[in-house]
Amino acid sequence: MIETQADIAKAITMRELISAYDWQSTSLGSLPSWQPDLRIAVDLILNSPLAMAVLWGRDLIQIYNDSYRSVMGDKHPAGLGQPVRDCWPESWAFSAPIYEGVFHGETRTFKDQKLRFDRNGDPENSCFDLTYGPIMEKGEVGGVLVTAVETTGRRSAELQQKQSEGRFRLIVENARDHAIFTTDVQGLVTDWHGGAEEIFGYEAKEILGQDSALLFTPEDRNGEVPREELEDAARDGRAPDVRWHLRKDGSRVFIEGSVSALRGPGGELQGFLKIGQDVTARRQAERELRQSRRDMQALIEGIPQLVWRADSAGDWLWASPQWTRFTGLSNEVSRGEGWLQAVHPDDRETARTAWRRAMEKRSFSAEYRLREARSGGFHWFSTRAMPTFLEDGQIGEWFGTSTDIDDLRKLEQNQRIMLGELQHRVRNTLAVIRSIVRRTAETSETVEDYAMHLEGRIDAFSRVQSALTRNPTEGVSLLELVAEELIAASAREGEDFVIDGPEIWLPPHIAETFGLALHELATNALKYGSLANSGGQVHASWTIEKTERCRTLQFEWKESGVANVERPARYGFGSELLSKTLKYQLGAETTLDLSPDGLHCRIDLPLPSKS
């Protein structure tokens, strides 16, 4: 026991001073005999960074913390354990009515209150934010909790005032969002505040004297968690209490708090203080947020697009696994402007320009080529990004996707090529039809003859066009071309004609003219040759002759079984087509021989290398 004021002044902290003080000489009695409410209040102010004091009993015995020493000035340490009236006679006229009101349950607060103190030898004017609130003891006011924030330096004191009000509400206004209660050393509830009633649903009369373990879940009780928690607090001074608990109605509440050991002046364990906050809603929100993030991650990693994020200036912050798999650039390498390494060198300025424009347009849109790590080739991608905005309207981040449009680009290119080819073929088709019409008119003797020949030749030309439509990129099969013309002449395969030759595809410009030549041969056979009577036959065959310079189609048309072969009186459209047009348009050499057995036609036609 420290006997003199000089000895007390040598103590380092107020906790040591309070523990060493002779409280038996005051109306409070010895420290071990203090009520739990008083101990809780004193423990609260000693742990507070604010200047706080407990004035206990009607004598208003002063107990204060280290921060309150600046308020006391030279009145410390004599003011510890001293009645307020004896310590502060100069302000008693101001404070006496306040204390009387507090003992009637009132709470009084003063902002920037001017007081004249004699705390440092000379009277001085000071300004304080003051709070006076009741400290309850067994349903009655047992003392006054004082918070004093000196506002001479107002700005630095505002934060302390908020903290002071928060701590004040924790005790005086029942701290409805915190469960606060005490237990004895066995864990039996000894004190139960309004916040605990609000959170757990038990009234004080229902739970006082009950084992606090009933607030734990069955699985925690089976695991002896309540006992271990008290043992940890007794050993270490404090133990975390962050877990699910049970309400009176059986529902669960997640508490985030702690258990602190309450010890007497001699260090003996007297019980435990439990303070915890109901964070069930926050816990649920965090769980939903985590689930939402998992769902978003699964969505991002599941879509085929390459996904990325960038800061407000367009420097990349993150790239999805799809980006890494395609480009071979890791998330770290792609940050900043590292992603440009995957962009085709010719397209990098396009990408940079798009970003510069994006800052004004507040949207990013560009098409450029990205290198595929697996093949080393480049694919066209359509890249789009939209910003997220901060509260002040400024861009926070960009969220973007890059979609592979390489196949679409190739398709568009093919469409342009096909459109050009179609236009070319239409012009050629019209030219061929004009030639057919003109030459048929020149070689026809009657209108009926003209109509018959014109219709047959246009039908033949149409058959070639149909075949080309079925295979626009490959051309027309020569076998199909020959067979269709003979069938159109009502010939039967195996009886009236035989076809023999390797598979070969003719390009459109060759197929159109060669198809007309076949039509003229078939029409001549039907009118004058082997198809004009029974017993006749057409043998169509071909081979391919290859040389170093070119490939040549050697086509032969042989008729047999023709009786009374007569040479025509004049040569018409068909003869001119075979002997002149094929040579002029296709570079072919044609030989026509009218033998006693029927017509023999040989056509040597140069072919493109890929036919």
# chains A, B, ... in the order shown; residues from 1 in each chain; ligands from 1
>>> residues_around(residues="Ala204 of chain A", least_positions_apart="4", cutoff="9 Å", atoms="only C-alpha atoms", output="PyMOL selection string")
chain A and resi 191-194+196-197+208
>>> write_last_selection(atoms="N, CA, C and O atoms", output="PDB file, in the first residue's frame")
ATOM      1  N   ASP A 191     -24.467 -10.076 -14.581  1.00  0.00           N
ATOM      2  CA  ASP A 191     -24.968  -8.750 -14.943  1.00  0.00           C
ATOM      3  C   ASP A 191     -25.375  -8.803 -16.421  1.00  0.00           C
ATOM      4  O   ASP A 191     -24.631  -9.299 -17.263  1.00  0.00           O
ATOM      5  N   TRP A 192     -26.536  -8.258 -16.752  1.00  0.00           N
ATOM      6  CA  TRP A 192     -27.125  -8.402 -18.086  1.00  0.00           C
ATOM      7  C   TRP A 192     -27.671  -7.049 -18.530  1.00  0.00           C
ATOM      8  O   TRP A 192     -28.580  -6.510 -17.921  1.00  0.00           O
ATOM      9  N   HIS A 193     -27.092  -6.492 -19.616  1.00  0.00           N
ATOM     10  CA  HIS A 193     -27.489  -5.158 -20.067  1.00  0.00           C
ATOM     11  C   HIS A 193     -28.488  -5.229 -21.222  1.00  0.00           C
ATOM     12  O   HIS A 193     -28.729  -6.283 -21.812  1.00  0.00           O
ATOM     13  N   GLY A 194     -29.042  -4.059 -21.543  1.00  0.00           N
ATOM     14  CA  GLY A 194     -30.106  -3.994 -22.542  1.00  0.00           C
ATOM     15  C   GLY A 194     -29.690  -4.491 -23.913  1.00  0.00           C
ATOM     16  O   GLY A 194     -30.484  -5.067 -24.650  1.00  0.00           O
ATOM     17  N   ALA A 196     -27.607  -6.880 -24.602  1.00  0.00           N
ATOM     18  CA  ALA A 196     -27.645  -8.344 -24.583  1.00  0.00           C
ATOM     19  C   ALA A 196     -29.081  -8.842 -24.692  1.00  0.00           C
ATOM     20  O   ALA A 196     -29.365  -9.826 -25.392  1.00  0.00           O
ATOM     21  N   GLU A 197     -29.997  -8.161 -24.000  1.00  0.00           N
ATOM     22  CA  GLU A 197     -31.415  -8.545 -24.098  1.00  0.00           C
ATOM     23  C   GLU A 197     -31.927  -8.360 -25.525  1.00  0.00           C
ATOM     24  O   GLU A 197     -32.657  -9.209 -26.056  1.00  0.00           O
ATOM     25  N   LEU A 208     -30.123 -14.201 -15.482  1.00  0.00           N
ATOM     26  CA  LEU A 208     -29.205 -14.004 -14.355  1.00  0.00           C
ATOM     27  C   LEU A 208     -29.078 -15.296 -13.565  1.00  0.00           C
ATOM     28  O   LEU A 208     -30.063 -15.941 -13.212  1.00  0.00           O
TER      29      LEU A 208
END
>>> residues_around(residues="segment 521-532 of chain A", least_positions_apart="4", cutoff="7 Å", atoms="only C-alpha atoms", output="PyMOL selection string")
chain A and resi 485-486+489+496+517+536-538+559-562+598
>>> write_last_selection(atoms="C-alpha atoms", output="JSON list (two decimals), in the first residue's frame")
[["chain", "number", "residue", "atom", "x", "y", "z"],
["A", 485, "GLU", "CA", -26.44, -33.57, -121.66],
["A", 486, "LEU", "CA", -26.90, -37.17, -122.82],
["A", 489, "ALA", "CA", -31.20, -36.06, -125.12],
["A", 496, "ASP", "CA", -27.32, -45.52, -125.65],
["A", 517, "ALA", "CA", -20.12, -27.91, -126.97],
["A", 536, "GLY", "CA", -26.52, -46.59, -132.08],
["A", 537, "GLN", "CA", -24.29, -45.62, -129.13],
["A", 538, "VAL", "CA", -22.17, -42.71, -127.95],
["A", 559, "GLU", "CA", -20.52, -42.46, -132.20],
["A", 560, "SER", "CA", -21.20, -45.96, -133.54],
["A", 561, "GLY", "CA", -24.04, -47.90, -135.17],
["A", 562, "VAL", "CA", -25.08, -45.06, -137.44],
["A", 598, "GLY", "CA", -20.59, -42.06, -137.12]]
>>> residues_around(residues="segment 69-71 of chain A", least_positions_apart="3", cutoff="10 Å", atoms="only C-alpha atoms", output="list in words")
Met14, Ala51, Met52, Ala53, Tyr64, Asn65, Asp66, Asp74, Lys75, His76, Pro77, Gly79, Leu80, Phe117, Arg119, Asn120, Ser126, Phe128, Ala148, Val149 and Glu150 of chain A
>>> atom_distance(atom1="atom CA of Gln277 of chain A", atom2="atom CA of Glu256 of chain A")
5.2 Å
>>> residues_around(residues="Val189 of chain A", least_positions_apart="5", cutoff="7 Å", atoms="only C-alpha atoms", output="VMD selection string")
chain A and resid 182 to 184 207 to 212
